[in-house]
Amino acid sequence: MATAEEHENQAAHNHRFLGSIDRDEYPDWAATAIFYTAVHLVQMLFVKKGGAGGSHIKRNKTLRTDCREVWKSYQPFYAFSRLSRYWCLRVSASDIPYLERRLERVRRTIQELTAS
């Protein structure tokens with residue numbers, strides 16, 4: 001199992017990748033990079049709180065029941081990424097700022113939850 005620091009480093013790595021993507025050309029990949037940045041931030045939270053995330057289904061259930069404040073901002077990443085990857089939903093470049101704002105909310109909320 002990865003440590004909290006390893007998840008934090010992977011989130012930072014994914015976020016740097018997001019910065020390298022041409023969002024006009026590849027907004028679907030930007031949405032996916034945002035999602036996986038959020039996944040690792042959530043995994044970091046779980047490790048710091050003594051738990052584990054596991055599959056997307058298990059992670060979503062844990063967030064819905066135990067971390068509703070994170071879930072509210074995280075859920076759209078899961079939906080956008082899944083719909084674009086598996087159902088060919090056309091993500092537009094104009095969707096990315098919305099997802100980035102939610103990513104920042106996830107980051108801030110997790111920082112608050114892990115500050116103690």
# chains A, B, ... in the order shown; residues from 1 in each chain; ligands from 1
call {"tool": "residues_around", "arguments": {"residues": "segment 55-71 of chain A", "least_positions_apart": "6", "cutoff": "10 Å", "atoms": "only C-alpha atoms", "output": "list in words"}}
result
Ala38, Val39, Val42, Gln43, Leu45, Phe46, Tyr78, Arg102, Leu103, Arg105, Val106, Arg107, Arg108, Thr109, Ile110 and Leu113 of chain A
call {"tool": "write_last_selection", "arguments": {"atoms": "all heavy atoms", "output": "compact mmCIF listing (two decimals), in the first residue's frame"}}
result
# COMPACT_ATOMS: atom_id res chain seq x y z
N ALA A 38 -7.32 14.12 -8.10
CA ALA A 38 -8.25 14.03 -6.97
C ALA A 38 -8.22 12.64 -6.34
O ALA A 38 -8.27 12.53 -5.10
CB ALA A 38 -9.66 14.39 -7.42
N VAL A 39 -8.12 11.59 -7.14
CA VAL A 39 -8.05 10.23 -6.59
C VAL A 39 -6.90 10.13 -5.59
O VAL A 39 -7.06 9.61 -4.48
CB VAL A 39 -7.90 9.18 -7.71
CG1 VAL A 39 -7.44 7.83 -7.15
CG2 VAL A 39 -9.19 9.01 -8.48
N VAL A 42 -7.50 12.00 -2.36
CA VAL A 42 -8.43 11.24 -1.51
C VAL A 42 -7.72 10.05 -0.89
O VAL A 42 -7.88 9.77 0.31
CB VAL A 42 -9.67 10.82 -2.32
CG1 VAL A 42 -10.49 9.77 -1.57
CG2 VAL A 42 -10.52 12.03 -2.65
N GLN A 43 -6.92 9.35 -1.67
CA GLN A 43 -6.17 8.22 -1.12
C GLN A 43 -5.23 8.69 -0.01
O GLN A 43 -5.08 8.01 1.01
CB GLN A 43 -5.38 7.52 -2.22
CG GLN A 43 -6.23 6.74 -3.20
CD GLN A 43 -6.99 5.63 -2.53
OE1 GLN A 43 -8.22 5.61 -2.54
NE2 GLN A 43 -6.31 4.69 -1.92
N LEU A 45 -5.76 11.21 1.97
CA LEU A 45 -6.64 11.44 3.12
C LEU A 45 -6.94 10.13 3.82
O LEU A 45 -6.82 10.03 5.05
CB LEU A 45 -7.95 12.09 2.65
CG LEU A 45 -9.07 12.17 3.68
CD1 LEU A 45 -8.70 13.10 4.83
CD2 LEU A 45 -10.38 12.62 3.01
N PHE A 46 -7.31 9.11 3.07
CA PHE A 46 -7.65 7.83 3.68
C PHE A 46 -6.47 7.25 4.46
O PHE A 46 -6.64 6.75 5.57
CB PHE A 46 -8.12 6.83 2.62
CG PHE A 46 -9.47 7.13 2.02
CD1 PHE A 46 -9.88 6.47 0.88
CD2 PHE A 46 -10.33 8.05 2.57
CE1 PHE A 46 -11.12 6.71 0.32
CE2 PHE A 46 -11.58 8.31 2.02
CZ PHE A 46 -11.97 7.64 0.89
N TYR A 78 -15.28 12.11 -11.11
CA TYR A 78 -15.54 10.71 -11.42
C TYR A 78 -16.50 10.61 -12.60
O TYR A 78 -16.24 9.88 -13.56
CB TYR A 78 -16.11 10.01 -10.19
CG TYR A 78 -16.42 8.55 -10.40
CD1 TYR A 78 -15.39 7.62 -10.47
CD2 TYR A 78 -17.73 8.11 -10.54
CE1 TYR A 78 -15.67 6.28 -10.67
CE2 TYR A 78 -18.01 6.78 -10.74
CZ TYR A 78 -16.98 5.86 -10.81
OH TYR A 78 -17.26 4.54 -11.02
N ARG A 102 -13.39 22.84 -8.58
CA ARG A 102 -13.80 21.76 -7.67
C ARG A 102 -12.57 21.03 -7.13
O ARG A 102 -12.56 20.63 -5.96
CB ARG A 102 -14.75 20.82 -8.37
CG ARG A 102 -16.08 21.52 -8.72
CD ARG A 102 -17.10 20.56 -9.23
NE ARG A 102 -17.80 19.93 -8.14
CZ ARG A 102 -18.89 20.44 -7.55
NH1 ARG A 102 -19.39 21.57 -7.95
NH2 ARG A 102 -19.48 19.79 -6.57
N LEU A 103 -11.55 20.87 -7.96
CA LEU A 103 -10.31 20.24 -7.49
C LEU A 103 -9.70 21.06 -6.36
O LEU A 103 -9.24 20.50 -5.36
CB LEU A 103 -9.32 20.06 -8.64
CG LEU A 103 -7.97 19.45 -8.27
CD1 LEU A 103 -8.15 18.05 -7.69
CD2 LEU A 103 -7.05 19.42 -9.49
N ARG A 105 -11.31 22.92 -4.29
CA ARG A 105 -12.15 22.69 -3.10
C ARG A 105 -11.80 21.37 -2.43
O ARG A 105 -11.74 21.28 -1.21
CB ARG A 105 -13.63 22.70 -3.48
CG ARG A 105 -14.18 24.08 -3.63
CD ARG A 105 -15.69 24.02 -3.84
NE ARG A 105 -16.00 24.93 -4.92
CZ ARG A 105 -16.95 24.80 -5.81
NH1 ARG A 105 -17.77 23.77 -5.75
NH2 ARG A 105 -17.13 25.68 -6.75
N VAL A 106 -11.58 20.33 -3.24
CA VAL A 106 -11.19 19.03 -2.69
C VAL A 106 -9.86 19.18 -1.95
O VAL A 106 -9.71 18.72 -0.81
CB VAL A 106 -11.09 17.96 -3.79
CG1 VAL A 106 -10.35 16.72 -3.30
CG2 VAL A 106 -12.46 17.59 -4.31
N ARG A 107 -8.91 19.85 -2.57
CA ARG A 107 -7.59 20.03 -1.96
C ARG A 107 -7.70 20.77 -0.62
O ARG A 107 -7.13 20.35 0.38
CB ARG A 107 -6.68 20.78 -2.93
CG ARG A 107 -5.24 20.91 -2.47
CD ARG A 107 -4.39 21.74 -3.42
NE ARG A 107 -4.49 21.37 -4.80
CZ ARG A 107 -3.84 20.35 -5.38
NH1 ARG A 107 -3.06 19.59 -4.66
NH2 ARG A 107 -3.98 20.12 -6.66
N ARG A 108 -8.45 21.88 -0.62
CA ARG A 108 -8.60 22.67 0.62
C ARG A 108 -9.30 21.88 1.71
O ARG A 108 -8.89 21.92 2.87
CB ARG A 108 -9.37 23.96 0.33
CG ARG A 108 -8.53 25.07 -0.24
CD ARG A 108 -9.25 26.41 -0.19
NE ARG A 108 -10.67 26.37 -0.48
CZ ARG A 108 -11.21 26.62 -1.67
NH1 ARG A 108 -10.45 26.94 -2.70
NH2 ARG A 108 -12.51 26.55 -1.84
N THR A 109 -10.36 21.18 1.35
CA THR A 109 -11.10 20.40 2.35
C THR A 109 -10.22 19.30 2.94
O THR A 109 -10.21 19.08 4.15
CB THR A 109 -12.38 19.79 1.72
OG1 THR A 109 -13.16 20.85 1.16
CG2 THR A 109 -13.19 19.02 2.75
N ILE A 110 -9.46 18.63 2.10
CA ILE A 110 -8.57 17.56 2.59
C ILE A 110 -7.48 18.16 3.48
O ILE A 110 -7.15 17.58 4.52
CB ILE A 110 -8.00 16.75 1.42
CG1 ILE A 110 -9.12 15.88 0.83
CG2 ILE A 110 -6.82 15.88 1.87
CD1 ILE A 110 -8.76 15.14 -0.43
N LEU A 113 -9.06 18.69 6.80
CA LEU A 113 -9.33 17.43 7.50
C LEU A 113 -8.06 16.77 8.04
O LEU A 113 -8.13 15.98 8.99
CB LEU A 113 -10.06 16.46 6.58
CG LEU A 113 -11.49 16.83 6.22
CD1 LEU A 113 -12.02 15.90 5.13
CD2 LEU A 113 -12.39 16.77 7.46
call {"tool": "residues_around", "arguments": {"residues": "Ser92 of chain A", "least_positions_apart": "2", "cutoff": "8 Å", "atoms": "only C-alpha atoms", "output": "compact mmCIF listing (two decimals) with all heavy atoms, in the first residue's frame"}}
result
# COMPACT_ATOMS: atom_id res chain seq x y z
N ASP A 24 -7.59 22.87 -25.11
CA ASP A 24 -8.49 23.06 -26.25
C ASP A 24 -8.52 21.81 -27.13
O ASP A 24 -9.57 21.44 -27.65
CB ASP A 24 -8.06 24.27 -27.09
CG ASP A 24 -8.27 25.57 -26.35
OD1 ASP A 24 -9.27 25.69 -25.61
OD2 ASP A 24 -7.42 26.48 -26.49
N PRO A 27 -9.43 18.26 -24.00
CA PRO A 27 -10.12 18.51 -22.74
C PRO A 27 -10.52 17.22 -22.02
O PRO A 27 -10.61 17.20 -20.79
CB PRO A 27 -11.35 19.32 -23.15
CG PRO A 27 -11.57 18.98 -24.58
CD PRO A 27 -10.20 18.73 -25.15
N ASP A 28 -10.74 16.13 -22.76
CA ASP A 28 -11.06 14.85 -22.12
C ASP A 28 -9.90 14.36 -21.27
O ASP A 28 -10.09 13.86 -20.16
CB ASP A 28 -11.48 13.81 -23.16
CG ASP A 28 -10.44 13.60 -24.26
OD1 ASP A 28 -9.68 14.54 -24.59
OD2 ASP A 28 -10.42 12.49 -24.83
N ARG A 90 -18.38 14.21 -25.01
CA ARG A 90 -17.48 15.26 -25.46
C ARG A 90 -17.31 16.28 -24.33
O ARG A 90 -18.22 17.04 -24.04
CB ARG A 90 -18.00 15.92 -26.72
CG ARG A 90 -17.98 14.95 -27.89
CD ARG A 90 -18.06 15.65 -29.21
NE ARG A 90 -17.19 16.79 -29.30
CZ ARG A 90 -16.05 16.82 -29.97
NH1 ARG A 90 -15.63 15.75 -30.57
NH2 ARG A 90 -15.34 17.92 -30.02
N SER A 94 -14.29 24.43 -22.09
CA SER A 94 -15.00 25.30 -21.14
C SER A 94 -15.41 24.55 -19.86
O SER A 94 -15.73 25.19 -18.85
CB SER A 94 -16.22 25.94 -21.80
OG SER A 94 -17.17 24.95 -22.15
N ASP A 95 -15.38 23.21 -19.87
CA ASP A 95 -15.68 22.43 -18.67
C ASP A 95 -14.51 22.41 -17.69
O ASP A 95 -14.70 22.19 -16.50
CB ASP A 95 -16.01 20.97 -19.04
CG ASP A 95 -17.28 20.83 -19.84
OD1 ASP A 95 -18.25 21.56 -19.54
OD2 ASP A 95 -17.31 19.98 -20.75
N ILE A 96 -13.31 22.61 -18.19
CA ILE A 96 -12.11 22.42 -17.38
C ILE A 96 -12.00 23.42 -16.22
O ILE A 96 -11.69 23.00 -15.09
CB ILE A 96 -10.85 22.40 -18.26
CG1 ILE A 96 -10.95 21.29 -19.33
CG2 ILE A 96 -9.59 22.22 -17.42
CD1 ILE A 96 -11.30 19.91 -18.81
call {"tool": "atom_distance", "arguments": {"atom1": "atom CA of Met1 of chain A", "atom2": "atom CA of His13 of chain A"}}
result
18.3 Å
call {"tool": "closest_residue", "arguments": {"among": "A:Phe80, A:Glu8, A:Cys88, A:Asp22", "to": "Gln111 of chain A", "atoms": "only C-alpha atoms"}}
result
A:Glu8
call {"tool": "closest_residue", "arguments": {"among": "A:Ala4, A:Ile34, A:Ser20, A:Trp87", "to": "Gly50 of chain A", "atoms": "only C-alpha atoms"}}
result
A:Ala4
call {"tool": "residues_around", "arguments": {"residues": "Arg82 of chain A", "least_positions_apart": "6", "cutoff": "12 Å", "atoms": "only C-alpha atoms", "output": "number ranges by chain"}}
result
A: 28-29, 31-33, 35-36, 56, 75-76, 88-91
call {"tool": "write_last_selection", "arguments": {"atoms": "C-alpha atoms", "output": "mmCIF file, in the first residue's frame"}}
result
data_model
loop_
_atom_site.group_PDB
_atom_site.id
_atom_site.type_symbol
_atom_site.label_atom_id
_atom_site.label_comp_id
_atom_site.auth_asym_id
_atom_site.auth_seq_id
_atom_site.Cartn_x
_atom_site.Cartn_y
_atom_site.Cartn_z
ATOM 1 C CA ASP A 28 -11.062 14.854 -22.121
ATOM 2 C CA TRP A 29 -7.507 14.132 -21.003
ATOM 3 C CA ALA A 31 -10.655 16.004 -17.133
ATOM 4 C CA THR A 32 -9.019 12.622 -16.633
ATOM 5 C CA ALA A 33 -5.842 14.200 -15.203
ATOM 6 C CA PHE A 35 -9.820 13.102 -11.750
ATOM 7 C CA TYR A 36 -6.628 11.166 -11.048
ATOM 8 C CA HIS A 56 -13.387 3.327 -7.357
ATOM 9 C CA GLN A 75 -18.127 13.273 -7.602
ATOM 10 C CA PRO A 76 -18.153 15.399 -10.803
ATOM 11 C CA CYS A 88 -17.318 9.149 -25.461
ATOM 12 C CA LEU A 89 -18.943 12.175 -23.863
ATOM 13 C CA ARG A 90 -17.477 15.262 -25.457
ATOM 14 C CA VAL A 91 -15.810 17.229 -22.711
#
call {"tool": "atom_distance", "arguments": {"atom1": "atom CA of Leu99 of chain A", "atom2": "atom CA of Glu25 of chain A"}}
result
16.6 Å
